>>> print(open('input-v1.cif').read())   # mmCIF, C-alpha atoms
data_final
loop_
_atom_site.label_atom_id
_atom_site.label_comp_id
_atom_site.auth_asym_id
_atom_site.auth_seq_id
_atom_site.Cartn_x
_atom_site.Cartn_y
_atom_site.Cartn_z
CA MET A 1 66.47 50.48 -17.97
CA ARG A 2 70.07 49.39 -17.69
CA GLN A 3 70.50 51.19 -14.41
CA MET A 4 68.49 51.13 -11.24
CA SER A 5 66.22 54.07 -10.72
CA ALA A 6 66.46 56.33 -7.71
CA ALA A 7 63.01 55.29 -6.51
CA PHE A 8 64.08 51.66 -6.46
CA LEU A 9 67.20 52.53 -4.46
CA ILE A 10 65.24 54.53 -1.88
CA LEU A 11 62.63 51.79 -1.53
CA ALA A 12 65.29 49.11 -1.19
CA ILE A 13 67.18 51.04 1.48
CA VAL A 14 64.00 51.77 3.46
CA THR A 15 62.98 48.11 3.24
CA MET A 16 66.35 46.82 4.40
CA ILE A 17 66.55 49.30 7.28
CA ALA A 18 63.03 48.33 8.39
CA ALA A 19 63.89 44.63 8.19
CA CYS A 20 67.03 45.15 10.29
CA ALA A 21 64.98 47.14 12.79
CA ALA A 22 62.36 44.40 12.95
CA MET A 23 65.05 41.89 13.85
CA THR A 24 67.09 43.99 16.28
CA LEU A 25 64.72 46.22 18.25
CA ARG A 26 64.06 45.25 21.83
CA GLY A 27 60.37 46.00 22.18
CA LEU A 28 58.15 43.40 20.58
CA VAL A 29 55.56 45.91 19.42
CA HIS A 30 58.29 48.03 17.86
CA CYS A 31 59.48 44.93 16.02
CA ALA A 32 55.98 44.31 14.69
CA LEU A 33 55.62 47.91 13.47
CA ALA A 34 59.03 47.83 11.76
CA LEU A 35 57.96 44.55 10.17
CA ALA A 36 54.85 46.25 8.79
CA VAL A 37 57.06 48.95 7.28
CA ALA A 38 59.31 46.29 5.73
CA PHE A 39 56.30 44.48 4.24
CA ALA A 40 54.96 47.73 2.82
CA GLY A 41 58.40 48.45 1.34
CA ILE A 42 58.46 45.05 -0.35
CA GLY A 43 54.96 45.70 -1.69
CA THR A 44 56.04 49.00 -3.21
CA LEU A 45 59.07 47.22 -4.69
CA TYR A 46 56.61 44.87 -6.42
CA LEU A 47 54.70 47.91 -7.68
CA SER A 48 57.88 49.48 -9.03
CA LEU A 49 58.73 46.19 -10.76
CA GLY A 50 55.43 46.24 -12.65
CA ALA A 51 53.49 43.63 -10.68
CA GLN A 52 50.59 45.79 -9.59
CA PHE A 53 48.24 43.10 -8.41
CA LEU A 54 50.94 41.30 -6.48
CA GLY A 55 52.00 44.54 -4.79
CA LEU A 56 48.46 45.31 -3.70
CA ALA A 57 47.94 41.72 -2.55
CA GLN A 58 51.14 41.99 -0.54
CA LEU A 59 49.92 45.19 1.09
CA LEU A 60 46.52 43.66 1.89
CA VAL A 61 47.74 40.29 3.12
CA TYR A 62 50.95 41.16 4.89
CA VAL A 63 50.43 44.68 6.20
CA GLY A 64 46.71 44.30 6.67
CA ALA A 65 46.48 40.77 8.04
CA ILE A 66 49.76 39.21 9.12
CA ALA A 67 51.29 42.26 10.83
CA VAL A 68 48.04 42.91 12.70
CA LEU A 69 47.84 39.22 13.64
CA ILE A 70 51.38 39.38 15.01
CA VAL A 71 50.50 42.46 17.06
CA PHE A 72 47.47 40.62 18.45
CA VAL A 73 49.55 37.61 19.42
CA ILE A 74 52.16 39.85 21.07
CA LEU A 75 49.46 41.54 23.12
CA LEU A 76 47.84 38.19 23.97
CA THR A 77 51.04 36.52 25.11
CA ARG A 78 52.56 39.33 27.13
CA GLY A 79 50.25 39.04 30.10
CA GLY A 80 52.28 36.92 32.48
CA GLU A 81 55.66 37.84 31.11
CA SER A 82 57.87 40.44 32.70
CA ASP A 83 59.55 42.93 30.42
CA ALA A 84 62.76 42.94 32.40
CA ARG A 85 65.02 40.67 30.41
CA PRO A 86 68.76 40.37 30.79
CA LEU A 87 70.28 42.71 28.25
CA ILE A 88 73.05 40.33 27.21
CA PRO A 89 71.72 36.86 26.46
CA THR A 90 73.47 34.04 28.22
CA GLY A 91 74.66 32.28 25.10
CA LEU A 92 76.06 34.89 22.73
CA PRO A 93 74.28 34.31 19.41
CA ILE A 94 77.49 34.54 17.44
CA THR A 95 76.83 31.35 15.51
CA GLY A 96 73.62 32.57 13.91
CA ILE A 97 75.19 35.85 12.86
CA VAL A 98 78.21 34.08 11.39
CA VAL A 99 75.97 31.69 9.43
CA ALA A 100 73.80 34.52 8.10
CA THR A 101 76.81 36.63 7.12
CA THR A 102 78.39 33.70 5.33
CA ILE A 103 75.21 33.03 3.38
CA LEU A 104 74.90 36.71 2.48
CA ALA A 105 78.50 36.79 1.26
CA LEU A 106 77.97 33.64 -0.82
CA LEU A 107 74.77 35.00 -2.40
CA ALA A 108 76.35 38.37 -3.16
CA TRP A 109 79.37 36.65 -4.69
CA ALA A 110 77.08 34.52 -6.84
CA VAL A 111 75.09 37.57 -7.97
CA PHE A 112 78.18 39.56 -8.91
CA HIS A 113 79.96 36.70 -10.68
CA SER A 114 77.02 35.28 -12.60
CA PHE A 115 77.17 35.97 -16.32
CA ALA A 116 73.57 34.90 -16.90
CA ILE A 117 71.94 37.78 -15.07
CA HIS A 118 74.00 40.41 -16.84
CA SER A 119 72.80 39.41 -20.30
CA LEU A 120 69.20 40.38 -20.05
CA GLY A 121 66.30 40.36 -22.40
CA PRO A 122 63.85 43.24 -22.50
CA PRO A 123 61.82 43.71 -19.32
CA ALA A 124 58.49 41.95 -19.25
CA SER A 125 55.43 44.05 -19.81
CA PRO A 126 53.50 44.75 -16.61
CA ALA A 127 50.96 42.06 -15.78
CA THR A 128 47.47 43.48 -15.84
CA VAL A 129 44.75 42.18 -13.57
CA ARG A 130 42.70 41.01 -16.55
CA GLU A 131 45.59 38.95 -17.87
CA LEU A 132 46.25 37.49 -14.43
CA GLY A 133 42.62 36.57 -13.97
CA THR A 134 42.50 34.87 -17.35
CA VAL A 135 45.63 32.86 -16.61
CA LEU A 136 44.37 31.92 -13.15
CA MET A 137 41.02 30.77 -14.46
CA ALA A 138 42.38 29.00 -17.55
CA ASP A 139 45.74 27.47 -16.78
CA TYR A 140 45.91 27.41 -13.00
CA VAL A 141 42.40 26.37 -11.98
CA LEU A 142 43.49 23.24 -10.14
CA PRO A 143 46.22 24.98 -8.10
CA LEU A 144 43.72 27.72 -7.29
CA GLU A 145 41.19 25.21 -5.96
CA VAL A 146 43.87 23.38 -3.98
CA MET A 147 44.96 26.73 -2.55
CA GLY A 148 41.43 27.52 -1.45
CA LEU A 149 41.11 24.11 0.19
CA MET A 150 44.45 24.57 1.93
CA LEU A 151 43.53 28.04 3.21
CA THR A 152 40.26 26.70 4.61
CA ALA A 153 42.00 23.78 6.27
CA ALA A 154 44.70 26.06 7.69
CA LEU A 155 42.18 28.51 9.14
CA ILE A 156 40.09 25.74 10.71
CA GLY A 157 43.26 24.16 12.05
CA ALA A 158 44.46 27.47 13.49
CA VAL A 159 41.14 27.99 15.26
CA VAL A 160 41.17 24.44 16.65
CA VAL A 161 44.76 24.73 17.84
CA ALA A 162 44.26 28.12 19.46
CA MET A 163 40.93 27.26 21.04
CA LYS A 164 40.88 27.14 24.79
CA GLU A 165 41.19 23.59 26.00
CA LYS A 166 38.54 22.16 28.23
CA GLN A 167 39.58 21.49 31.76
CA ASP A 168 40.33 17.83 32.14
CA THR A 169 38.03 15.98 34.47
CA GLN A 170 39.91 13.68 36.72
CA MET B 1 74.66 47.29 -11.63
CA THR B 2 71.68 46.04 -13.55
CA PRO B 3 68.20 46.17 -11.99
CA LEU B 4 68.08 42.38 -11.72
CA ALA B 5 71.32 42.31 -9.76
CA GLY B 6 69.97 45.06 -7.50
CA CYS B 7 66.79 43.10 -6.83
CA LEU B 8 68.77 39.96 -6.11
CA LEU B 9 71.04 41.82 -3.72
CA VAL B 10 68.07 43.30 -1.87
CA SER B 11 66.44 39.90 -1.54
CA SER B 12 69.73 38.33 -0.44
CA THR B 13 70.05 40.95 2.28
CA LEU B 14 66.45 40.38 3.39
CA PHE B 15 67.06 36.64 3.51
CA ALA B 16 70.24 37.04 5.55
CA VAL B 17 68.56 39.44 7.98
CA GLY B 18 65.61 37.07 8.42
CA LEU B 19 67.94 34.11 8.90
CA ALA B 20 70.03 35.95 11.48
CA GLY B 21 66.87 36.95 13.35
CA ALA B 22 65.40 33.46 13.24
CA LEU B 23 68.64 31.97 14.52
CA THR B 24 69.47 34.50 17.23
CA ARG B 25 66.26 35.90 18.68
CA ARG B 26 64.88 34.07 21.68
CA ASN B 27 61.24 35.04 21.33
CA THR B 28 59.10 32.62 19.37
CA ILE B 29 57.14 35.40 17.68
CA LEU B 30 60.34 37.01 16.41
CA VAL B 31 61.55 33.69 15.03
CA LEU B 32 58.31 33.53 13.06
CA VAL B 33 58.90 37.12 11.89
CA GLY B 34 62.33 36.09 10.61
CA ILE B 35 60.78 33.21 8.67
CA GLU B 36 58.26 35.61 7.13
CA LEU B 37 61.11 37.88 6.03
CA MET B 38 62.85 34.94 4.35
CA LEU B 39 59.63 34.01 2.50
CA ASN B 40 59.32 37.58 1.31
CA ALA B 41 62.88 37.52 0.00
CA ALA B 42 62.04 34.44 -2.07
CA ASN B 43 58.93 36.19 -3.39
CA LEU B 44 60.99 39.20 -4.43
CA ASN B 45 63.24 36.83 -6.38
CA PHE B 46 60.24 35.38 -8.22
CA VAL B 47 59.05 38.82 -9.27
CA ALA B 48 62.55 39.99 -10.24
CA PHE B 49 63.19 36.96 -12.43
CA TRP B 50 59.76 37.31 -14.01
CA ARG B 51 60.42 40.96 -14.79
CA PHE B 52 63.95 40.68 -16.11
CA GLY B 53 64.26 37.05 -17.11
CA HIS B 54 64.40 35.64 -20.58
CA HIS B 55 61.02 33.94 -20.60
CA THR B 56 58.87 37.00 -20.89
CA GLY B 57 55.33 36.97 -22.09
CA MET B 58 54.00 34.60 -19.45
CA SER B 59 53.00 35.88 -16.05
CA THR B 60 54.22 32.75 -14.31
CA GLY B 61 56.34 34.61 -11.79
CA VAL B 62 53.43 36.72 -10.59
CA ILE B 63 51.17 33.66 -10.31
CA PHE B 64 53.82 31.84 -8.32
CA GLY B 65 54.18 34.88 -6.08
CA LEU B 66 50.43 34.94 -5.49
CA PHE B 67 50.38 31.29 -4.46
CA SER B 68 53.42 31.85 -2.28
CA ILE B 69 51.70 34.73 -0.49
CA ALA B 70 48.66 32.54 0.16
CA VAL B 71 50.81 29.73 1.57
CA ALA B 72 52.69 32.22 3.74
CA ALA B 73 49.42 33.58 5.11
CA ALA B 74 48.26 30.08 6.06
CA GLU B 75 51.64 29.35 7.61
CA ALA B 76 51.54 32.53 9.68
CA ALA B 77 48.03 31.79 10.95
CA VAL B 78 48.89 28.24 11.99
CA GLY B 79 52.24 29.31 13.48
CA LEU B 80 50.72 32.05 15.58
CA ALA B 81 47.98 29.70 16.77
CA LEU B 82 50.67 27.22 17.81
CA ILE B 83 52.50 29.98 19.68
CA LEU B 84 49.27 30.81 21.52
CA ALA B 85 48.74 27.16 22.43
CA VAL B 86 52.31 26.79 23.68
CA TYR B 87 52.00 30.00 25.65
CA ARG B 88 48.82 28.78 27.28
CA HIS B 89 50.57 25.56 28.24
CA ALA B 90 53.97 26.88 29.35
CA LYS B 91 53.20 30.54 30.23
CA THR B 92 56.14 31.78 28.25
CA THR B 93 57.24 32.39 24.65
CA ASP B 94 60.96 32.43 25.42
CA LEU B 95 62.75 29.74 23.46
CA SER B 96 65.56 29.41 25.98
CA LEU B 97 62.98 28.65 28.65
CA LEU B 98 61.01 26.30 26.43
CA THR B 99 64.02 24.24 25.37
CA GLY B 100 64.00 20.77 26.87
CA ARG B 101 60.55 21.16 28.28
CA ALA B 102 58.83 19.02 25.67
CA GLN B 103 59.06 15.36 26.49
#
>>> encode(input="input-v1.cif", output="structure tokens")
Amino acid sequence: MRQMSAAFLILAIVTMIAACAAMTLRGLVHCALALAVAFAGIGTLYLSLGAQFLGLAQLLVYVGAIAVLIVFVILLTRGGESDARPLIPTGLPITGIVVATTILALLAWAVFHSFAIHSLGPPASPATVRELGTVLMADYVLPLEVMGLMLTAALIGAVVVAMKEKQDTQ
Amino acid sequence: MTPLAGCLLVSSTLFAVGLAGALTRRNTILVLVGIELMLNAANLNFVAFWRFGHHTGMSTGVIFGLFSIAVAAAEAAVGLALILAVYRHAKTTDLSLLTGRAQ
């Protein structure tokens, strides 16, 4: 396990290509579909790293819920908008690309020059669902409850925000 | 290259791609997509450090990843609802058209 496996390489390359496609394609729906592929690639990366439950949760939540939600919002917001956009944006987004490239170079430099990550212990044993459930119910009960409360509040808030406003009476 | 370094490089690339998209795209939905990609890169780091780090035996990284996924789901729902509300108000999702409109 000192070297990366071929499956990991293929998954990583597919994920990165899909992420680049999601950020560079012109059609919004194409972007959403490429994003779903990228999320699925990240989920399979989790699976190949031994986190089965997290990989399946990623597939369910991201590919099943968030990507579909993004497609719905794209379809809901495209009604009054014309597809004919100027091909070259008015302000060339060179600043964002320079910032992102700089950060990538810094992170890659840090990864290659760190001595801590090259002296590894043995890989952790894969986390089984039983073990995860025990830990969640024993050690992380309070965060779990807070998470449930936060999800409920977020969903109610999303519904309230997206609800159609009443017409104001003068 | 060790597997941990490979994972970190993949997540760094994902983060940079998401950051570039969030900074350069003019559609609000695509900015949100870039933010989701950055969150996923952080999640990949959690799992990689759990798998190859020194503190093995605990499944803390996976638990943290689970909570992070839940927070990201809530954030996506609220963000998309906000985009819908802004679209209903301004009839556009283009950031360059929305800039300066809020008083």
>>> interface_residues(input="input-v1.cif", of="chain B", to="chain A", cutoff="6 Å", atoms="all atoms listed in the file", output="list in words")
Thr2, Pro3, Ala16, Leu19, Ala20, Gly21, Leu23, Thr24, Arg51, Phe52, His54, Thr56, Ala74, Val78, Ala81 and Ala85 of chain B
>>> residues_around(input="input-v1.cif", residues="segment 91-98 of chain B", least_positions_apart="6", cutoff="6 Å", atoms="all atoms listed in the file", output="mmCIF file with C-alpha atoms, keeping the file's coordinate frame")
data_model
loop_
_atom_site.group_PDB
_atom_site.id
_atom_site.type_symbol
_atom_site.label_atom_id
_atom_site.label_comp_id
_atom_site.auth_asym_id
_atom_site.auth_seq_id
_atom_site.Cartn_x
_atom_site.Cartn_y
_atom_site.Cartn_z
ATOM 1 C CA ARG B 26 64.880 34.070 21.680
ATOM 2 C CA ASN B 27 61.240 35.040 21.330
ATOM 3 C CA THR B 28 59.100 32.620 19.370
#
>>> closest_residue(input="input-v1.cif", among="B:Val86, B:Val62, B:Ile29, B:Ala73", to="Phe49 of chain B", atoms="only C-alpha atoms")
B:Val62
>>> closest_residue(input="input-v1.cif", among="A:Val37, A:Ser48, A:Val141, A:His113", to="Met1 of chain B", atoms="all atoms listed in the file")
A:His113
>>> atom_distance(input="input-v1.cif", atom1="atom CA of Gly61 of chain B", atom2="atom CA of Phe46 of chain B")
5.3 Å
>>> residues_around(input="input-v1.cif", residues="segment 34-39 of chain B", least_positions_apart="6", cutoff="6 Å", atoms="all atoms listed in the file", output="ChimeraX atom specification")
/B:15,18,21-22
>>> atom_distance(input="input-v1.cif", atom1="atom CA of Leu75 of chain A", atom2="atom CA of Val29 of chain A")
8.4 Å
>>> atom_distance(input="input-v1.cif", atom1="atom CA of Ala7 of chain A", atom2="atom CA of Ala40 of chain A")
14.5 Å
>>> closest_residue(input="input-v1.cif", among="A:Leu33, A:Met137, A:Leu56, A:Val68", to="Ala76 of chain B", atoms="all atoms listed in the file")
A:Val68
>>> closest_residue(input="input-v1.cif", among="B:Ala90, B:Thr13, B:Gly100, B:Ala70", to="Val146 of chain A", atoms="only C-alpha atoms")
B:Ala70
